[in-house]
Amino acid sequence: MSTQGKGGEAFVKDITPQSEDFSRWYLDVVLKAELADYSPVKGCMVIRPYGYAIWEQIQRQLDDRFKATGHVNAYFPLFIPESLLLKEAEHVEGFAPQVAWVTKGGTEELEEKLIVRPTSETIIGVMYQKWIQSWRDLPVLINQWANVVRWEKVTRPFLRTTEFLWQEGHTAHETADEAQEETLKILALYKEFAENVLAMPVVDGQKSESEKFAGASKTYSIESLMGDGRALQAGTSHNLGQNFAKAFEIQFQGRDKTLQHVWTTSWGVSTRLIGGVIMTHGDDSGLILPPKLAPWQVVIVPIPRGNWKETVLPKCEEIRDQLRAAGIRVKLDADDSNTPGWKFAEYEMRGVPLRLEIGPKDIEKSSVFAARRDTRAKQALPMDGLAQTIVALLDEIQAAMLERARAFRESHTSATTSYDEFTRMMEGRPGFVQSPWCGAAQCETDIKAETQATIRNIPFGFEQAPDAPCIKCGRPATVTAWFAKAY
């Protein structure tokens with residue numbers, strides 16, 4: 001697929017149409033929009049500046065939310081001694097296949113092997129055991145921005161890589177109720193962020209026992225539906241109960257003077273969110289970024305006619321400064337080595353929400369020509385009060401993108417109580433399928449083996465027993481589970 005400019009020259013090359021090959025389309029967009037590139041290290045990507053700028057927006061806006069809820073940032077070691085991992089049996093069993101080991105330091109064999117962190121519950125547990133002595137030390141509300149390594153067999157940029165960036169929150173509490181409240185508070189925070197910033201509607205609920213985090217008592221997730229009908233786990237929040245507290249002897253003197261174990265949680269989202277945004281909103285021309293996420297919310301393209309550097313460019317600079325003063329992230333592209341048509345296609349591919357074109361005739365009319373990326377709608381906007389107009393327009397684009405994604409999800413969500421119909425539906429990529437489930441792990445395993453569909457979660461509001469038998473075994477169902485094929 002290519003976008004043609006004036007004179008017929010091709011600008012955006014080699015983006016495979018979604019309808020032809022969605023997976024190829026995704027990789028083309030990642031590479032052509034310069035979000036990431038392959039590295040010499042198998043399974044590891046290089047995040048390029050534009051991709052990292054998107055991650056910085058995610059970091060900044062999530063970090064503000066964490067701090068507003070009383071959390072603080074810290075940093076813990078990349079390397080974890082083998083003995084710490086082995087302390088929590090369920091945890092080590094869950095992560096053993098993905099662990100990268102360090103066995104030598106320089107030329108010497110290590111006395112104790114180290115692992116490169118796949119997650120940090122163990123090393124943080126050791127430190128919490130040291131720091132927490134009394135109920136007065138609680139709660140501990142710490143978040144870490146870090147990289148982790150999980151030895152993946154099949155990788156795809158942003159969605160699943162051997163090394164990736166994320167945040168991981170780790171909290172310790174005095175009571176079970178406080179830990180549960182924290183777990184659900186963060187899940188709600190993730191949902192609000194996904195929907196209001198990423199314009200990515202999510203289903204929030206509890207994971208099944210077999211899908212929960214290794215070592216957790218309960219795992220909750222937000223699940224989103226991608227443009228090809230596959231689901232993406234966009235974030236998780238875990239109530240760890242006292243499992244890690246007992247394994248690492250994290251104890252405190254309670255208000256009644258008794259020695260008690262703390263209750264802990266952990267939670268995280270990663271650079272996978274960037275992949276989710278690409279697949280939720282993108283089209284055959286490339287990225288479509290929600291305004292609240294876009295590194296550049298507006299790009300200004302001067303139309304170089306006549307003595308444009310003396311006439312058009314100063315007006316463009318004036319408008320750029322007005323937009324910046326209004327808090328808008330704006331780029332003025334005055335590089336005359338590329339034609340306006342090339343720039344239109346380039347910024348369209350990069351998903352910039354709004355393009356402003358300004359030429360001599362626009363200045364005569366005291367207006368600018370605006371083009372939306374999400375709908376491609378174009379209109380003339382008066383220069384008078386332009387900053388306020390654009391702030392409102394960006395809000396309109398943000399809301400429209402969420403509504404469009406929500407409508408797609410609703411049109412790709414169905415329900416069935418027939419296993420024959422379920423298996424027929426799963427031959428394609430139907431999106432979410434709601435079906436009654438008895439709660440038995442064997443039924444869940446059999447369904448996955450026969451259809452590749454997994455239980456994404458049991459959404460809040462669907463925990464009651466439905467008036468229907470289990471989709472697989474015919475025994476009484478305990479919940480309505482949401483199934484999908486997933487990334």
# chains A, B, ... in the order shown; residues from 1 in each chain; ligands from 1
call {"tool": "residues_around", "arguments": {"residues": "Lys448 (chain A)", "least_positions_apart": "3", "cutoff": "12 Å", "atoms": "only C-alpha atoms", "output": "MDAnalysis selection string"}}
result
chainID A and resid 210:211 422:423 426 441:445 451:456 472 483:486
call {"tool": "write_last_selection", "arguments": {"atoms": "N, CA and C atoms", "output": "mmCIF file, in the first residue's frame"}}
result
data_model
loop_
_atom_site.group_PDB
_atom_site.id
_atom_site.type_symbol
_atom_site.label_atom_id
_atom_site.label_comp_id
_atom_site.auth_asym_id
_atom_site.auth_seq_id
_atom_site.Cartn_x
_atom_site.Cartn_y
_atom_site.Cartn_z
ATOM 1 N N SER A 210 -6.189 -20.841 36.930
ATOM 2 C CA SER A 210 -5.058 -21.274 36.097
ATOM 3 C C SER A 210 -4.373 -20.114 35.392
ATOM 4 N N GLU A 211 -5.068 -18.983 35.260
ATOM 5 C CA GLU A 211 -4.497 -17.825 34.565
ATOM 6 C C GLU A 211 -3.935 -16.782 35.529
ATOM 7 N N PHE A 422 -19.833 -22.518 19.852
ATOM 8 C CA PHE A 422 -18.606 -21.914 20.384
ATOM 9 C C PHE A 422 -17.405 -22.311 19.534
ATOM 10 N N THR A 423 -17.274 -23.596 19.236
ATOM 11 C CA THR A 423 -16.117 -24.066 18.451
ATOM 12 C C THR A 423 -16.164 -23.520 17.030
ATOM 13 N N MET A 426 -15.004 -19.924 17.146
ATOM 14 C CA MET A 426 -13.575 -19.780 17.399
ATOM 15 C C MET A 426 -12.706 -20.222 16.227
ATOM 16 N N ALA A 441 -10.829 -26.437 36.157
ATOM 17 C CA ALA A 441 -9.628 -26.202 35.351
ATOM 18 C C ALA A 441 -9.571 -27.129 34.144
ATOM 19 N N GLN A 442 -10.097 -28.351 34.290
ATOM 20 C CA GLN A 442 -10.034 -29.306 33.185
ATOM 21 C C GLN A 442 -10.850 -28.829 31.990
ATOM 22 N N CYS A 443 -12.032 -28.265 32.274
ATOM 23 C CA CYS A 443 -12.843 -27.729 31.178
ATOM 24 C C CYS A 443 -12.104 -26.587 30.480
ATOM 25 N N GLU A 444 -11.482 -25.738 31.282
ATOM 26 C CA GLU A 444 -10.732 -24.606 30.740
ATOM 27 C C GLU A 444 -9.588 -25.113 29.862
ATOM 28 N N THR A 445 -8.870 -26.125 30.340
ATOM 29 C CA THR A 445 -7.754 -26.700 29.590
ATOM 30 C C THR A 445 -8.220 -27.326 28.288
ATOM 31 N N THR A 451 -9.774 -25.226 20.913
ATOM 32 C CA THR A 451 -10.173 -24.022 20.170
ATOM 33 C C THR A 451 -9.133 -22.901 20.184
ATOM 34 N N GLN A 452 -8.096 -23.012 21.001
ATOM 35 C CA GLN A 452 -7.086 -21.958 21.229
ATOM 36 C C GLN A 452 -7.654 -20.770 22.011
ATOM 37 N N ALA A 453 -8.891 -20.855 22.438
ATOM 38 C CA ALA A 453 -9.498 -19.764 23.203
ATOM 39 C C ALA A 453 -9.172 -19.917 24.687
ATOM 40 N N THR A 454 -8.914 -18.799 25.333
ATOM 41 C CA THR A 454 -8.656 -18.794 26.771
ATOM 42 C C THR A 454 -9.664 -17.896 27.471
ATOM 43 N N ILE A 455 -9.849 -18.147 28.764
ATOM 44 C CA ILE A 455 -10.684 -17.253 29.561
ATOM 45 C C ILE A 455 -9.866 -16.002 29.833
ATOM 46 N N ARG A 456 -10.336 -14.885 29.304
ATOM 47 C CA ARG A 456 -9.609 -13.635 29.528
ATOM 48 C C ARG A 456 -9.814 -13.175 30.965
ATOM 49 N N LYS A 472 -18.774 -26.534 28.395
ATOM 50 C CA LYS A 472 -17.976 -27.693 28.006
ATOM 51 C C LYS A 472 -18.510 -29.005 28.567
ATOM 52 N N PHE A 483 -14.358 -15.453 26.877
ATOM 53 C CA PHE A 483 -13.320 -16.174 26.150
ATOM 54 C C PHE A 483 -12.877 -15.366 24.940
ATOM 55 N N ALA A 484 -11.636 -15.587 24.521
ATOM 56 C CA ALA A 484 -11.139 -15.024 23.255
ATOM 57 C C ALA A 484 -9.823 -15.696 22.899
ATOM 58 N N LYS A 485 -9.449 -15.595 21.647
ATOM 59 C CA LYS A 485 -8.072 -15.874 21.278
ATOM 60 C C LYS A 485 -7.270 -14.625 21.614
ATOM 61 N N ALA A 486 -6.080 -14.812 22.131
ATOM 62 C CA ALA A 486 -5.363 -13.659 22.683
ATOM 63 C C ALA A 486 -3.927 -13.602 22.204
#
call {"tool": "select_by_dssp", "arguments": {"residues": "region 12-194 of chain A", "states": "alpha helix (DSSP H)", "output": "ChimeraX atom specification"}}
result
/A:22-32,49-68,82-85,89-95,121-131,176-194
call {"tool": "closest_atom_pairs", "arguments": {"of": "region 1-103 of chain A", "to": "region 194-207 of chain A", "cutoff": "10 Å", "atoms": "only C-alpha atoms", "output": "tab-separated table"}}
result
residue	atom	partner	partner_atom	distance
A:Gln57	CA	A:Val197	CA	9.6
A:Ile58	CA	A:Val197	CA	8.6
A:Gln61	CA	A:Val197	CA	8.5
A:Leu62	CA	A:Val197	CA	9.7
call {"tool": "residues_around", "arguments": {"residues": "region 236-240 of chain A", "least_positions_apart": "2", "cutoff": "9 Å", "atoms": "only C-alpha atoms", "output": "ChimeraX atom specification"}}
result
/A:169,179-180,182-184,186-187,190,212-213,215-222,233-234,242-245,263-269
call {"tool": "residues_around", "arguments": {"residues": "region 298-308 of chain A", "least_positions_apart": "2", "cutoff": "6 Å", "atoms": "only C-alpha atoms", "output": "VMD selection string"}}
result
chain A and resid 296 310 to 312 330 to 333 354 to 359
call {"tool": "closest_atom_pairs", "arguments": {"of": "region 121-218 of chain A", "to": "region 37-54 of chain A", "cutoff": "7 Å", "atoms": "only C-alpha atoms", "output": "Markdown table"}}
result
| residue | atom | partner | partner_atom | distance |
| --- | --- | --- | --- | --- |
| A:Thr155 | CA | A:Gly43 | CA | 5.7 |
| A:Pro157 | CA | A:Met45 | CA | 6.3 |
| A:Thr161 | CA | A:Gly43 | CA | 5.4 |
| A:Thr162 | CA | A:Gly43 | CA | 5.1 |
| A:Glu163 | CA | A:Cys44 | CA | 5.8 |
call {"tool": "closest_residue", "arguments": {"among": "A:Arg475, A:Arg329, A:Leu159, A:Thr258", "to": "Ala231 (chain A)", "atoms": "only C-alpha atoms"}}
result
A:Leu159
call {"tool": "closest_residue", "arguments": {"among": "A:Asp64, A:Asp362, A:Asp395, A:Glu463", "to": "Pro382 (chain A)", "atoms": "only C-alpha atoms"}}
result
A:Asp362
call {"tool": "atom_distance", "arguments": {"atom1": "CA of Glu112 (chain A)", "atom2": "CA of Leu84 (chain A)"}}
result
10.8 Å
call {"tool": "residues_around", "arguments": {"residues": "Thr389 (chain A)", "least_positions_apart": "3", "cutoff": "12 Å", "atoms": "only C-alpha atoms", "output": "ChimeraX atom specification"}}
result
/A:322-323,326,328,367-368,370,380-386,392-396
call {"tool": "write_last_selection", "arguments": {"atoms": "C-alpha atoms", "output": "JSON list (two decimals), in the first residue's frame"}}
result
[["chain", "number", "residue", "atom", "x", "y", "z"],
["A", 322, "GLN", "CA", -0.07, 30.25, 20.89],
["A", 323, "LEU", "CA", -0.80, 26.52, 20.87],
["A", 326, "ALA", "CA", -2.40, 26.62, 25.66],
["A", 328, "ILE", "CA", -0.80, 21.73, 23.28],
["A", 367, "SER", "CA", -7.87, 30.95, 8.77],
["A", 368, "VAL", "CA", -5.97, 27.66, 8.80],
["A", 370, "ALA", "CA", -7.22, 21.54, 9.55],
["A", 380, "ALA", "CA", -11.12, 25.77, 7.75],
["A", 381, "LEU", "CA", -10.65, 27.18, 11.26],
["A", 382, "PRO", "CA", -10.51, 30.92, 11.99],
["A", 383, "MET", "CA", -7.22, 32.15, 13.41],
["A", 384, "ASP", "CA", -9.10, 34.19, 15.97],
["A", 385, "GLY", "CA", -9.40, 32.03, 19.10],
["A", 386, "LEU", "CA", -7.59, 29.18, 17.35],
["A", 392, "ALA", "CA", -11.93, 21.55, 22.02],
["A", 393, "LEU", "CA", -11.27, 19.71, 18.76],
["A", 394, "LEU", "CA", -8.61, 17.50, 20.34],
["A", 395, "ASP", "CA", -11.07, 16.63, 23.12],
["A", 396, "GLU", "CA", -13.63, 15.76, 20.44]]
call {"tool": "select_by_dssp", "arguments": {"residues": "region 143-379 of chain A", "states": "strand (DSSP E or B)", "output": "ChimeraX atom specification"}}
result
/A:143-149,156,160,163-173,203-206,218-225,231-241,251-253,259-261,263-270,283,286,298-302,330-332,354-358,367-372,378-379
call {"tool": "closest_residue", "arguments": {"among": "A:Arg230, A:Arg404, A:Arg350, A:Lys130", "to": "Phe252 (chain A)", "atoms": "only C-alpha atoms"}}
result
A:Lys130
call {"tool": "closest_residue", "arguments": {"among": "A:Gly229, A:Asp14, A:Val479, A:Leu141", "to": "Met425 (chain A)", "atoms": "only C-alpha atoms"}}
result
A:Gly229
call {"tool": "closest_residue", "arguments": {"among": "A:Ser366, A:Gln260, A:Thr107, A:Ser120", "to": "Ile80 (chain A)", "atoms": "only C-alpha atoms"}}
result
A:Ser120
